[in-house]
$ cat upload29.tsv   # TSV, C-alpha atoms
chain	number	residue	atom	x	y	z
A	250	MET	CA	103.07	21.41	214.65
A	251	LYS	CA	99.96	19.92	213.03
A	252	ASN	CA	98.31	23.39	212.90
A	253	ILE	CA	101.37	24.87	211.17
A	254	ILE	CA	101.21	22.21	208.44
A	255	VAL	CA	97.48	22.82	207.91
A	256	ASN	CA	98.04	26.57	207.61
A	257	LYS	CA	100.80	26.07	205.03
A	258	ILE	CA	98.50	23.84	202.98
A	259	LEU	CA	95.76	26.50	203.07
A	260	LEU	CA	98.17	29.25	202.03
A	261	LEU	CA	99.46	27.09	199.16
A	262	SER	CA	95.88	26.43	197.96
A	263	ILE	CA	95.05	30.12	198.02
A	264	PHE	CA	98.21	30.94	196.06
A	265	LEU	CA	97.42	28.30	193.44
A	266	PHE	CA	93.82	29.56	193.13
A	267	ILE	CA	94.98	33.15	192.65
A	268	SER	CA	97.62	32.06	190.12
A	269	CYS	CA	95.05	30.08	188.10
A	270	GLY	CA	92.66	33.04	188.17
A	271	GLU	CA	95.35	35.40	186.94
A	272	LYS	CA	96.30	32.96	184.21
A	273	LYS	CA	92.69	32.59	183.13
A	274	THR	CA	92.24	36.39	183.06
A	275	GLU	CA	95.35	36.75	180.92
A	276	GLU	CA	94.07	34.08	178.50
A	277	GLU	CA	90.67	35.76	178.26
A	278	HIS	CA	92.35	39.12	177.67
A	279	ALA	CA	94.54	37.63	174.97
A	280	GLU	CA	91.52	36.00	173.32
A	281	GLU	CA	89.57	39.28	173.47
A	282	LYS	CA	92.53	41.11	172.03
A	283	SER	CA	92.79	38.59	169.18
A	284	GLU	CA	89.14	39.24	168.37
A	285	THR	CA	89.70	43.01	168.08
A	286	GLU	CA	93.21	43.17	166.62
A	287	VAL	CA	94.69	41.76	163.43
A	288	ALA	CA	98.31	41.92	162.27
A	289	LEU	CA	99.39	41.64	158.62
A	290	THR	CA	102.68	42.08	156.86
A	291	GLU	CA	102.94	44.87	154.36
A	292	LYS	CA	103.05	42.28	151.59
A	293	GLN	CA	99.84	40.60	152.84
A	294	ALA	CA	98.06	43.95	153.11
A	295	LYS	CA	99.07	44.84	149.56
A	296	THR	CA	98.02	41.44	148.20
A	297	ILE	CA	94.61	41.61	149.88
A	298	GLY	CA	94.11	45.17	148.63
A	299	ILE	CA	93.74	46.91	151.98
A	300	GLU	CA	92.90	50.58	151.49
A	301	THR	CA	92.43	53.22	154.15
A	302	GLY	CA	90.52	56.46	154.28
A	303	SER	CA	88.70	58.68	156.74
A	304	ILE	CA	85.18	59.49	157.83
A	305	GLU	CA	83.44	61.84	155.39
A	306	MET	CA	80.47	64.17	155.69
A	307	LYS	CA	77.82	63.03	153.21
A	308	ASN	CA	74.26	64.04	152.28
A	309	LEU	CA	72.33	60.80	152.76
A	310	ASN	CA	68.62	60.11	152.39
A	311	THR	CA	66.56	58.32	155.00
A	312	ILE	CA	64.14	56.01	153.18
A	313	ILE	CA	60.94	54.10	153.87
A	314	LYS	CA	60.39	50.95	151.86
A	315	ALA	CA	56.93	50.36	150.39
A	316	ASN	CA	55.37	47.97	147.89
A	317	GLY	CA	52.55	48.68	145.50
A	318	TYR	CA	51.32	48.75	141.92
A	319	THR	CA	51.25	51.06	138.94
A	320	ALA	CA	47.85	52.61	138.25
A	321	VAL	CA	46.15	55.26	136.13
A	322	PRO	CA	43.64	57.87	137.36
A	323	PRO	CA	39.94	57.17	136.65
A	324	GLN	CA	39.84	60.03	134.14
A	325	ASN	CA	42.58	58.31	132.11
A	326	ARG	CA	40.75	55.00	131.81
A	327	ALA	CA	37.60	54.42	129.78
A	328	ASP	CA	35.24	51.46	129.70
A	329	VAL	CA	33.41	52.07	126.42
A	330	SER	CA	29.80	50.89	126.14
A	331	THR	CA	26.74	51.78	124.06
A	332	LEU	CA	23.59	53.72	124.96
A	333	ILE	CA	21.52	51.60	122.59
A	334	GLY	CA	21.62	47.89	121.89
A	335	GLY	CA	22.31	46.50	118.46
A	336	VAL	CA	24.13	43.97	116.30
A	337	VAL	CA	27.87	44.53	115.88
A	338	LYS	CA	28.43	45.44	112.23
A	339	ASP	CA	32.19	46.20	112.10
A	340	ILE	CA	35.19	46.35	114.46
A	341	PHE	CA	37.98	48.72	113.38
A	342	VAL	CA	40.70	48.26	116.04
A	343	LEU	CA	42.83	45.56	117.64
A	344	GLU	CA	43.93	45.20	121.24
A	345	GLY	CA	47.12	47.16	121.94
A	346	THR	CA	46.62	49.77	119.20
A	347	PHE	CA	46.68	53.49	119.98
A	348	VAL	CA	43.51	55.46	119.24
A	349	ALA	CA	42.84	59.19	119.37
A	350	LYS	CA	39.87	60.70	121.16
A	351	GLY	CA	36.77	60.42	118.92
A	352	LYS	CA	38.12	57.48	116.91
A	353	THR	CA	35.41	55.02	115.80
A	354	LEU	CA	36.15	51.65	117.39
A	355	ALA	CA	33.17	49.76	115.96
A	356	THR	CA	29.65	50.19	114.58
A	357	ILE	CA	26.41	48.55	115.67
A	358	GLN	CA	23.14	48.42	113.76
A	359	ASN	CA	19.79	49.42	115.22
A	360	LEU	CA	16.74	50.38	113.11
A	361	GLU	CA	15.42	52.68	115.84
A	362	VAL	CA	18.19	55.13	114.97
A	363	SER	CA	16.74	55.88	111.54
A	364	GLU	CA	13.33	56.41	113.16
A	365	MET	CA	14.91	58.98	115.52
A	366	GLN	CA	16.38	60.80	112.52
A	367	GLU	CA	12.97	60.84	110.78
A	368	GLU	CA	11.36	62.14	113.95
A	369	TYR	CA	13.92	64.93	114.21
A	370	GLN	CA	13.66	65.93	110.56
A	371	SER	CA	9.86	65.89	110.69
A	372	ALA	CA	9.90	68.12	113.76
A	373	VAL	CA	12.30	70.53	112.03
A	374	ALA	CA	9.95	70.73	109.00
A	375	ASN	CA	6.97	71.39	111.28
A	376	ILE	CA	8.92	74.09	113.07
A	377	GLU	CA	9.54	75.93	109.81
A	378	TYR	CA	5.81	75.90	108.98
A	379	LEU	CA	4.72	76.85	112.52
A	380	GLU	CA	7.20	79.72	112.69
A	381	GLN	CA	5.60	81.27	109.61
A	382	GLU	CA	2.12	80.62	110.99
A	383	PHE	CA	3.17	82.06	114.36
A	384	LYS	CA	4.24	85.33	112.73
A	385	ARG	CA	0.98	85.52	110.70
A	386	GLN	CA	-1.30	84.82	113.67
A	387	LYS	CA	0.62	87.28	115.83
A	388	THR	CA	-0.02	90.07	113.28
A	389	LEU	CA	-3.74	89.15	112.95
A	390	SER	CA	-4.10	88.99	116.72
A	391	GLU	CA	-2.53	92.41	117.18
A	392	GLU	CA	-4.94	93.82	114.53
A	393	ASN	CA	-7.85	92.00	116.24
A	394	VAL	CA	-8.69	90.16	113.00
A	395	ASN	CA	-8.48	86.63	114.51
A	396	PRO	CA	-9.24	85.56	118.06
A	397	ARG	CA	-6.19	85.57	120.40
A	398	LYS	CA	-6.93	81.92	121.20
A	399	THR	CA	-5.85	80.86	117.68
A	400	PHE	CA	-2.54	82.66	118.14
A	401	GLN	CA	-1.95	80.89	121.48
A	402	GLU	CA	-2.64	77.47	119.91
A	403	VAL	CA	-0.04	78.07	117.16
A	404	LYS	CA	2.45	79.30	119.77
A	405	SER	CA	1.93	76.15	121.87
A	406	LYS	CA	2.37	73.82	118.85
A	407	LEU	CA	5.60	75.62	117.90
A	408	ALA	CA	7.04	75.18	121.39
A	409	SER	CA	6.06	71.48	121.39
A	410	GLU	CA	7.73	70.81	118.03
A	411	ARG	CA	10.86	72.62	119.10
A	412	ALA	CA	11.06	70.48	122.24
A	413	LYS	CA	10.46	67.32	120.20
A	414	ALA	CA	13.19	68.24	117.73
A	415	GLN	CA	15.67	69.08	120.50
A	416	ALA	CA	15.00	65.77	122.30
A	417	ALA	CA	15.55	63.77	119.12
A	418	LYS	CA	18.69	65.77	118.36
A	419	ASN	CA	20.09	65.16	121.87
A	420	LYS	CA	19.52	61.40	121.58
A	421	LEU	CA	21.20	61.20	118.19
A	422	GLN	CA	24.16	63.32	119.30
A	423	ALA	CA	24.60	61.13	122.39
A	424	LEU	CA	24.80	58.18	119.99
A	425	ASN	CA	27.31	60.11	117.83
A	426	VAL	CA	24.85	60.00	114.92
A	427	ASN	CA	24.22	62.93	112.58
A	428	PRO	CA	20.58	64.04	113.13
A	429	LYS	CA	20.30	65.22	109.51
A	430	GLY	CA	21.46	61.94	108.02
A	431	SER	CA	19.74	58.64	107.31
A	432	THR	CA	21.38	55.54	108.77
A	433	SER	CA	20.79	52.64	111.10
A	434	LEU	CA	24.44	52.40	112.16
A	435	VAL	CA	25.69	53.70	115.51
A	436	PRO	CA	29.43	54.39	115.84
A	437	ILE	CA	31.16	53.35	119.08
A	438	VAL	CA	33.81	56.04	119.61
A	439	SER	CA	36.67	56.37	122.08
A	440	PRO	CA	36.07	59.11	124.70
A	441	ILE	CA	39.81	59.51	125.35
A	442	SER	CA	43.14	59.02	123.59
A	443	GLY	CA	44.98	55.89	124.65
A	444	TYR	CA	45.69	52.24	124.01
A	445	VAL	CA	42.93	49.72	123.40
A	446	GLY	CA	42.81	47.09	126.11
A	447	ASN	CA	40.25	44.30	126.24
A	448	ILE	CA	37.75	43.98	123.38
A	449	ASN	CA	34.64	42.19	124.62
A	450	ILE	CA	32.59	41.95	121.39
A	451	THR	CA	32.75	40.03	118.14
A	452	LYS	CA	31.31	40.82	114.74
A	453	GLY	CA	27.66	39.77	114.45
A	454	ALA	CA	27.13	39.57	118.22
A	455	PHE	CA	24.45	41.62	119.98
A	456	ALA	CA	25.91	44.49	121.98
A	457	GLU	CA	23.85	45.24	125.07
A	458	THR	CA	23.59	48.58	126.87
A	459	GLY	CA	25.59	48.95	130.08
A	460	VAL	CA	28.12	46.26	129.10
A	461	THR	CA	31.77	47.23	128.50
A	462	LEU	CA	32.63	46.68	124.84
A	463	PHE	CA	36.16	48.20	124.80
A	464	GLU	CA	38.73	49.28	127.35
A	465	VAL	CA	40.94	52.29	126.53
A	466	VAL	CA	43.82	53.35	128.81
A	467	ASP	CA	45.92	56.51	128.68
A	468	ASN	CA	49.25	55.68	130.36
A	469	SER	CA	50.66	59.20	130.14
A	470	GLN	CA	49.38	60.01	133.65
A	471	MET	CA	50.53	56.75	135.25
A	472	HIS	CA	51.13	56.86	139.00
A	473	LEU	CA	51.95	54.52	141.87
A	474	ASP	CA	49.62	53.25	144.57
A	475	LEU	CA	51.97	52.39	147.45
A	476	ASN	CA	51.04	50.73	150.75
A	477	VAL	CA	52.66	52.45	153.75
A	478	PHE	CA	52.42	51.00	157.27
A	479	GLU	CA	50.79	52.98	160.04
A	480	LYS	CA	54.08	53.39	161.99
A	481	ASP	CA	55.69	55.17	158.99
A	482	LEU	CA	52.72	57.34	158.01
A	483	GLY	CA	53.79	60.34	160.09
A	484	LYS	CA	57.00	60.64	158.08
A	485	ILE	CA	55.25	60.81	154.69
A	486	SER	CA	54.37	64.16	153.12
A	487	ILE	CA	53.36	65.61	149.74
A	488	GLY	CA	56.30	66.33	147.43
A	489	GLN	CA	58.68	63.64	148.69
A	490	GLU	CA	60.59	61.83	145.96
A	491	VAL	CA	60.16	58.14	145.28
A	492	ASP	CA	62.57	55.69	143.65
A	493	PHE	CA	61.07	52.40	142.55
A	494	ILE	CA	62.11	49.31	140.68
A	495	LEU	CA	60.14	47.28	138.15
A	496	THR	CA	60.86	43.74	139.31
A	497	ASN	CA	59.71	42.23	136.02
A	498	GLN	CA	61.75	44.59	133.81
A	499	SER	CA	65.38	43.91	134.73
A	500	ASN	CA	65.07	45.97	137.92
A	501	LYS	CA	64.75	49.20	135.94
A	502	ALA	CA	64.85	52.17	138.37
A	503	ILE	CA	62.32	55.00	137.89
A	504	LYS	CA	61.59	58.19	139.85
A	505	GLY	CA	58.36	59.83	140.96
A	506	LYS	CA	56.91	62.27	143.49
A	507	ILE	CA	54.15	61.89	146.11
A	508	PHE	CA	51.00	63.90	145.31
A	509	GLY	CA	48.35	62.30	147.53
A	510	ILE	CA	47.89	60.41	150.82
A	511	ASN	CA	44.69	58.53	151.66
A	512	LYS	CA	42.92	59.35	154.92
A	513	SER	CA	41.73	55.82	155.61
A	514	PHE	CA	43.23	52.35	155.91
A	515	SER	CA	43.24	50.01	152.92
A	516	ASN	CA	40.81	47.15	153.55
A	517	GLU	CA	41.63	45.36	156.83
A	518	SER	CA	45.38	45.89	156.63
A	519	LYS	CA	47.14	48.50	158.72
A	520	THR	CA	48.44	50.24	155.62
A	521	VAL	CA	47.47	53.49	153.96
A	522	ALA	CA	47.57	54.08	150.20
A	523	VAL	CA	50.09	56.74	149.16
A	524	HIS	CA	49.99	58.01	145.56
A	525	ALA	CA	53.10	59.06	143.63
A	526	ARG	CA	53.14	60.58	140.16
A	527	ILE	CA	55.71	59.02	137.83
A	528	ASN	CA	57.98	61.26	135.79
A	529	PRO	CA	56.27	61.56	132.35
A	530	GLY	CA	59.34	60.45	130.43
A	531	ASN	CA	59.31	57.08	132.22
A	532	THR	CA	55.69	56.04	131.63
A	533	LYS	CA	56.04	54.81	128.04
A	534	ASP	CA	56.60	51.11	128.75
A	535	LEU	CA	54.51	50.90	131.91
A	536	ILE	CA	51.27	48.97	132.21
A	537	SER	CA	48.65	49.47	134.89
A	538	GLY	CA	48.90	46.80	137.58
A	539	MET	CA	52.68	46.26	137.53
A	540	TYR	CA	54.13	45.30	140.94
A	541	VAL	CA	56.81	47.69	142.25
A	542	ALA	CA	59.20	47.90	145.21
A	543	ALA	CA	59.73	51.57	146.10
A	544	ASN	CA	61.92	53.68	148.38
A	545	ILE	CA	60.33	56.89	149.68
A	546	ASN	CA	63.04	59.49	150.36
A	547	ILE	CA	62.15	61.04	153.70
A	548	LEU	CA	65.08	63.21	154.75
A	549	ASN	CA	68.28	64.50	153.23
A	550	GLN	CA	70.87	65.35	155.91
A	551	THR	CA	74.62	65.72	156.26
A	552	VAL	CA	76.05	62.95	158.45
A	553	GLN	CA	79.32	61.15	159.19
A	554	ALA	CA	79.61	58.32	156.70
A	555	LEU	CA	81.94	55.66	155.35
A	556	PRO	CA	81.79	53.48	152.24
A	557	LYS	CA	79.48	50.58	153.11
A	558	ASP	CA	82.34	48.07	152.58
A	559	ALA	CA	84.20	49.68	155.50
A	560	ILE	CA	81.60	48.40	157.97
A	561	VAL	CA	81.38	44.74	159.02
A	562	LYS	CA	78.88	42.92	161.17
A	563	ASN	CA	79.96	40.43	163.82
A	564	GLY	CA	77.01	38.87	165.59
A	565	GLU	CA	74.64	41.72	166.40
A	566	LYS	CA	77.34	44.42	166.44
A	567	TYR	CA	78.94	46.56	163.74
A	568	PHE	CA	82.65	47.35	163.51
A	569	ILE	CA	85.19	49.34	161.53
A	570	TYR	CA	88.96	48.75	161.50
A	571	ILE	CA	91.56	51.43	162.06
A	572	GLN	CA	95.22	51.04	161.17
A	573	GLU	CA	97.65	51.33	164.10
A	574	ASP	CA	101.38	52.06	164.03
A	575	LYS	CA	103.61	49.76	162.02
A	576	HIS	CA	105.93	47.42	163.94
A	577	GLU	CA	109.41	46.33	162.86
A	578	GLU	CA	110.06	42.69	163.82
A	579	VAL	CA	113.03	40.36	163.23
A	580	SER	CA	112.02	37.03	161.74
A	581	LYS	CA	113.43	33.66	162.65
A	582	LYS	CA	115.76	31.89	160.29
A	583	GLU	CA	113.45	30.22	157.80
A	584	GLU	CA	113.62	28.91	154.29
A	585	ASN	CA	113.48	31.72	151.69
A	586	HIS	CA	114.36	34.29	154.42
A	587	LYS	CA	117.74	35.58	155.34
A	588	GLU	CA	118.66	35.45	159.00
A	589	GLY	CA	117.97	38.75	160.69
A	590	GLU	CA	115.76	40.09	157.88
A	591	ASN	CA	113.36	42.82	159.08
A	592	HIS	CA	109.63	42.53	158.32
A	593	THR	CA	107.09	45.29	158.86
A	594	GLU	CA	103.81	44.28	160.50
A	595	ILE	CA	100.70	46.45	160.24
A	596	HIS	CA	98.24	46.19	163.12
A	597	PHE	CA	94.52	46.82	162.70
A	598	LYS	CA	92.09	47.34	165.55
A	599	ALA	CA	88.31	46.75	165.44
A	600	ILE	CA	86.19	49.67	166.71
A	601	GLU	CA	82.49	49.18	167.46
A	602	VAL	CA	80.10	51.65	165.81
A	603	SER	CA	76.37	52.08	165.33
A	604	VAL	CA	75.03	52.50	161.81
A	605	GLY	CA	72.26	54.55	160.23
A	606	THR	CA	70.88	54.89	156.72
A	607	THR	CA	72.68	53.63	153.62
A	608	ASP	CA	72.52	55.63	150.40
A	609	LEU	CA	74.67	56.09	147.29
A	610	GLY	CA	77.15	53.44	148.48
A	611	TYR	CA	77.76	55.14	151.85
A	612	THR	CA	76.49	54.24	155.33
A	613	GLU	CA	75.98	56.63	158.23
A	614	VAL	CA	78.25	55.77	161.20
A	615	LYS	CA	78.10	56.90	164.82
A	616	LEU	CA	81.24	56.31	166.88
A	617	ILE	CA	80.71	54.60	170.23
A	618	GLU	CA	84.28	55.36	171.34
A	619	GLU	CA	86.40	58.30	170.28
A	620	ILE	CA	89.14	57.77	167.70
A	621	PRO	CA	91.91	60.15	166.58
A	622	SER	CA	90.78	62.69	163.99
A	623	ASP	CA	93.55	61.52	161.65
A	624	ALA	CA	92.84	57.81	162.13
A	625	LYS	CA	93.33	55.65	159.06
A	626	ILE	CA	90.11	53.67	158.59
A	627	VAL	CA	90.07	50.54	156.44
A	628	ILE	CA	87.63	51.17	153.59
A	629	LYS	CA	88.54	48.08	151.53
A	630	GLY	CA	89.42	44.69	152.97
A	631	ALA	CA	87.53	45.00	156.27
A	632	TYR	CA	85.73	41.70	155.70
A	633	TYR	CA	89.06	39.91	155.32
A	634	LEU	CA	90.28	41.39	158.62
A	635	LEU	CA	87.12	40.21	160.38
A	636	SER	CA	87.59	36.74	158.93
A	637	GLN	CA	91.22	36.68	160.13
A	638	SER	CA	90.23	37.79	163.62
A	639	LYS	CA	87.80	34.85	163.75
A	640	GLY	CA	90.44	32.39	162.64
A	641	GLY	CA	89.55	32.55	158.94
A	642	GLY	CA	85.92	31.53	159.52
A	643	GLU	CA	82.78	32.92	157.98
A	644	HIS	CA	81.79	36.52	158.42
A	645	GLU	CA	78.63	38.52	157.94
A	646	HIS	CA	78.20	41.19	155.32

$ encode --input "upload29.tsv" --output "structure tokens"
Amino acid sequence: MKNIIVNKILLLSIFLFISCGEKKTEEEHAEEKSETEVALTEKQAKTIGIETGSIEMKNLNTIIKANGYTAVPPQNRADVSTLIGGVVKDIFVLEGTFVAKGKTLATIQNLEVSEMQEEYQSAVANIEYLEQEFKRQKTLSEENVNPRKTFQEVKSKLASERAKAQAAKNKLQALNVNPKGSTSLVPIVSPISGYVGNINITKGAFAETGVTLFEVVDNSQMHLDLNVFEKDLGKISIGQEVDFILTNQSNKAIKGKIFGINKSFSNESKTVAVHARINPGNTKDLISGMYVAANINILNQTVQALPKDAIVKNGEKYFIYIQEDKHEEVSKKEENHKEGENHTEIHFKAIEVSVGTTDLGYTEVKLIEEIPSDAKIVIKGAYYLLSQSKGGGEHEH
């Protein structure tokens, strides 16, 4: 009798344990279902602005993000100095003004310049005399009237004077001074067309050789120097388009194209400098050294995509919502409702997806589970549905 009672108690315990387990499983299932399904009335859906659509095939770009600076090629930047020292006589330009190639920026005074001109003009006069003498001695030498040695001496003097005159002329031309004139002023001219940058001299100061007096920059050939990480380098190639934003100019978007890739790392960082030429029409207001955030367009491909607002993030996963069949339900007798009034409920189900690149307002989606080809996908209001499924709490965008 005692054994029978014990067995009944054991059977009852097992039954209760199984019942509790089943109840717990049902509760977990209901909770999981509430996380993936949301029901709204037609009126609620209309008020919220729920809109549905379908997956589209879109041409989207894969991008690599890179930061860098605007820059100009070395041949479009000039540090203007002087080949001869002297006192600054006049300055004809201001910082920020545009100058054409050959424009005189300033003049410096050096008395040695007038001596060079005298030396050149004296050599030219001697050349004229020696050329006549050379012709005369050549004729006498051929007729054996004068010794050939005299002819050779005149010939040697003529060659020496010609060399002296050419050397003086080269010096004066390098200084942009007319060899046939008479002046002690040396013009400092711009070697390129561009905008005057820093001016490092003042009137009356002594300008030394080898010291930059003016900076002139031609911005028409502005380009970008972008820093690309080693892991992304294999995806970069000549000709790829670049979109970048000037962070200090109201996020103005500008386009360019890659024309060069360095073959060594920049300093100690694991980045490589990539150079992109800016479209000429967009260089007008740019200044060398501006910081930019750029997107390098790597690949244009046709993929399944949805408007980016159709995709929501919950934790570390991404979801879309599809609309299920409508359900007709009879409401209870409540205030403002007639007894037996029918209300249509719309059910939405969350479907997990993986996402790819985002471009032009669309995001690439890859379905983890199959959905009907004619499924109605929520393209507006998905964030509200996620919030409702979480009890109206916060959601991630």

$ atom_distance --input "upload29.tsv" --atom1 "CA of Lys512 in chain A" --atom2 "CA of Lys484 in chain A"
14.5 Å

$ closest_residue --input "upload29.tsv" --among "A:Lys406, A:Lys557, A:Arg526, A:Lys506" --to "Gln470 in chain A" --atoms "only C-alpha atoms"
A:Arg526

$ atom_distance --input "upload29.tsv" --atom1 "CA of Val465 in chain A" --atom2 "CA of Asp328 in chain A"
6.6 Å

$ closest_residue --input "upload29.tsv" --among "A:Ile485, A:Leu407, A:Ala349, A:Val491" --to "Asn375 in chain A" --atoms "all atoms listed in the file"
A:Leu407

$ atom_distance --input "upload29.tsv" --atom1 "CA of Asp474 in chain A" --atom2 "CA of Thr319 in chain A"
6.3 Å

$ closest_residue --input "upload29.tsv" --among "A:Glu286, A:Leu343, A:Ser303, A:Phe478" --to "Gly317 in chain A" --atoms "all atoms listed in the file"
A:Phe478

$ residues_around --input "upload29.tsv" --residues "Thr311 in chain A" --least-positions-apart "3" --cutoff "9 Å" --atoms "all atoms listed in the file" --output "list in words"
Ile545, Asn546, Ile547, Leu548, Asn549, Gln550, Gly605, Thr606, Thr607 and Asp608 of chain A

$ closest_residue --input "upload29.tsv" --among "A:Ile333, A:Val541, A:Ile299, A:Ala408" --to "Ile571 in chain A" --atoms "all atoms listed in the file"
A:Ile299

$ residues_around --input "upload29.tsv" --residues "range 440-453 of chain A" --least-positions-apart "2" --cutoff "7 Å" --atoms "all atoms listed in the file" --output "PDB file with C-alpha atoms, in the frame of the given file"
ATOM      1  CA  VAL A 336      24.130  43.970 116.300  1.00  0.00           C
ATOM      2  CA  VAL A 337      27.870  44.530 115.880  1.00  0.00           C
ATOM      3  CA  LYS A 338      28.430  45.440 112.230  1.00  0.00           C
ATOM      4  CA  ASP A 339      32.190  46.200 112.100  1.00  0.00           C
ATOM      5  CA  ILE A 340      35.190  46.350 114.460  1.00  0.00           C
ATOM      6  CA  GLU A 344      43.930  45.200 121.240  1.00  0.00           C
ATOM      7  CA  GLY A 345      47.120  47.160 121.940  1.00  0.00           C
ATOM      8  CA  THR A 346      46.620  49.770 119.200  1.00  0.00           C
ATOM      9  CA  PHE A 347      46.680  53.490 119.980  1.00  0.00           C
ATOM     10  CA  VAL A 348      43.510  55.460 119.240  1.00  0.00           C
ATOM     11  CA  ALA A 349      42.840  59.190 119.370  1.00  0.00           C
ATOM     12  CA  LYS A 350      39.870  60.700 121.160  1.00  0.00           C
ATOM     13  CA  GLY A 351      36.770  60.420 118.920  1.00  0.00           C
ATOM     14  CA  VAL A 438      33.810  56.040 119.610  1.00  0.00           C
ATOM     15  CA  PHE A 455      24.450  41.620 119.980  1.00  0.00           C
ATOM     16  CA  THR A 461      31.770  47.230 128.500  1.00  0.00           C
ATOM     17  CA  LEU A 462      32.630  46.680 124.840  1.00  0.00           C
ATOM     18  CA  PHE A 463      36.160  48.200 124.800  1.00  0.00           C
ATOM     19  CA  GLU A 464      38.730  49.280 127.350  1.00  0.00           C
ATOM     20  CA  VAL A 465      40.940  52.290 126.530  1.00  0.00           C
ATOM     21  CA  VAL A 466      43.820  53.350 128.810  1.00  0.00           C
ATOM     22  CA  ASP A 467      45.920  56.510 128.680  1.00  0.00           C
TER      23      ASP A 467
END

$ closest_residue --input "upload29.tsv" --among "A:Lys504, A:Arg411, A:Lys519, A:Lys615" --to "Glu368 in chain A" --atoms "all atoms listed in the file"
A:Arg411

$ closest_residue --input "upload29.tsv" --among "A:Thr356, A:Gln489, A:Ser390, A:Thr458" --to "Asn425 in chain A" --atoms "only C-alpha atoms"
A:Thr356

$ residues_near_point --input "upload29.tsv" --point "(57.5, 54.4, 154.5)" --cutoff "6 Å" --atoms "all atoms listed in the file" --output "ChimeraX atom specification"
/A:313-315,477,481

$ residues_around --input "upload29.tsv" --residues "Met365 in chain A" --least-positions-apart "6" --cutoff "9 Å" --atoms "all atoms listed in the file" --output "list in words"
Ala417, Lys418, Lys420, Leu421 and Pro428 of chain A

$ residues_around --input "upload29.tsv" --residues "Phe568 in chain A" --least-positions-apart "3" --cutoff "7 Å" --atoms "all atoms listed in the file" --output "PyMOL selection string"
chain A and resi 560-562+599-602
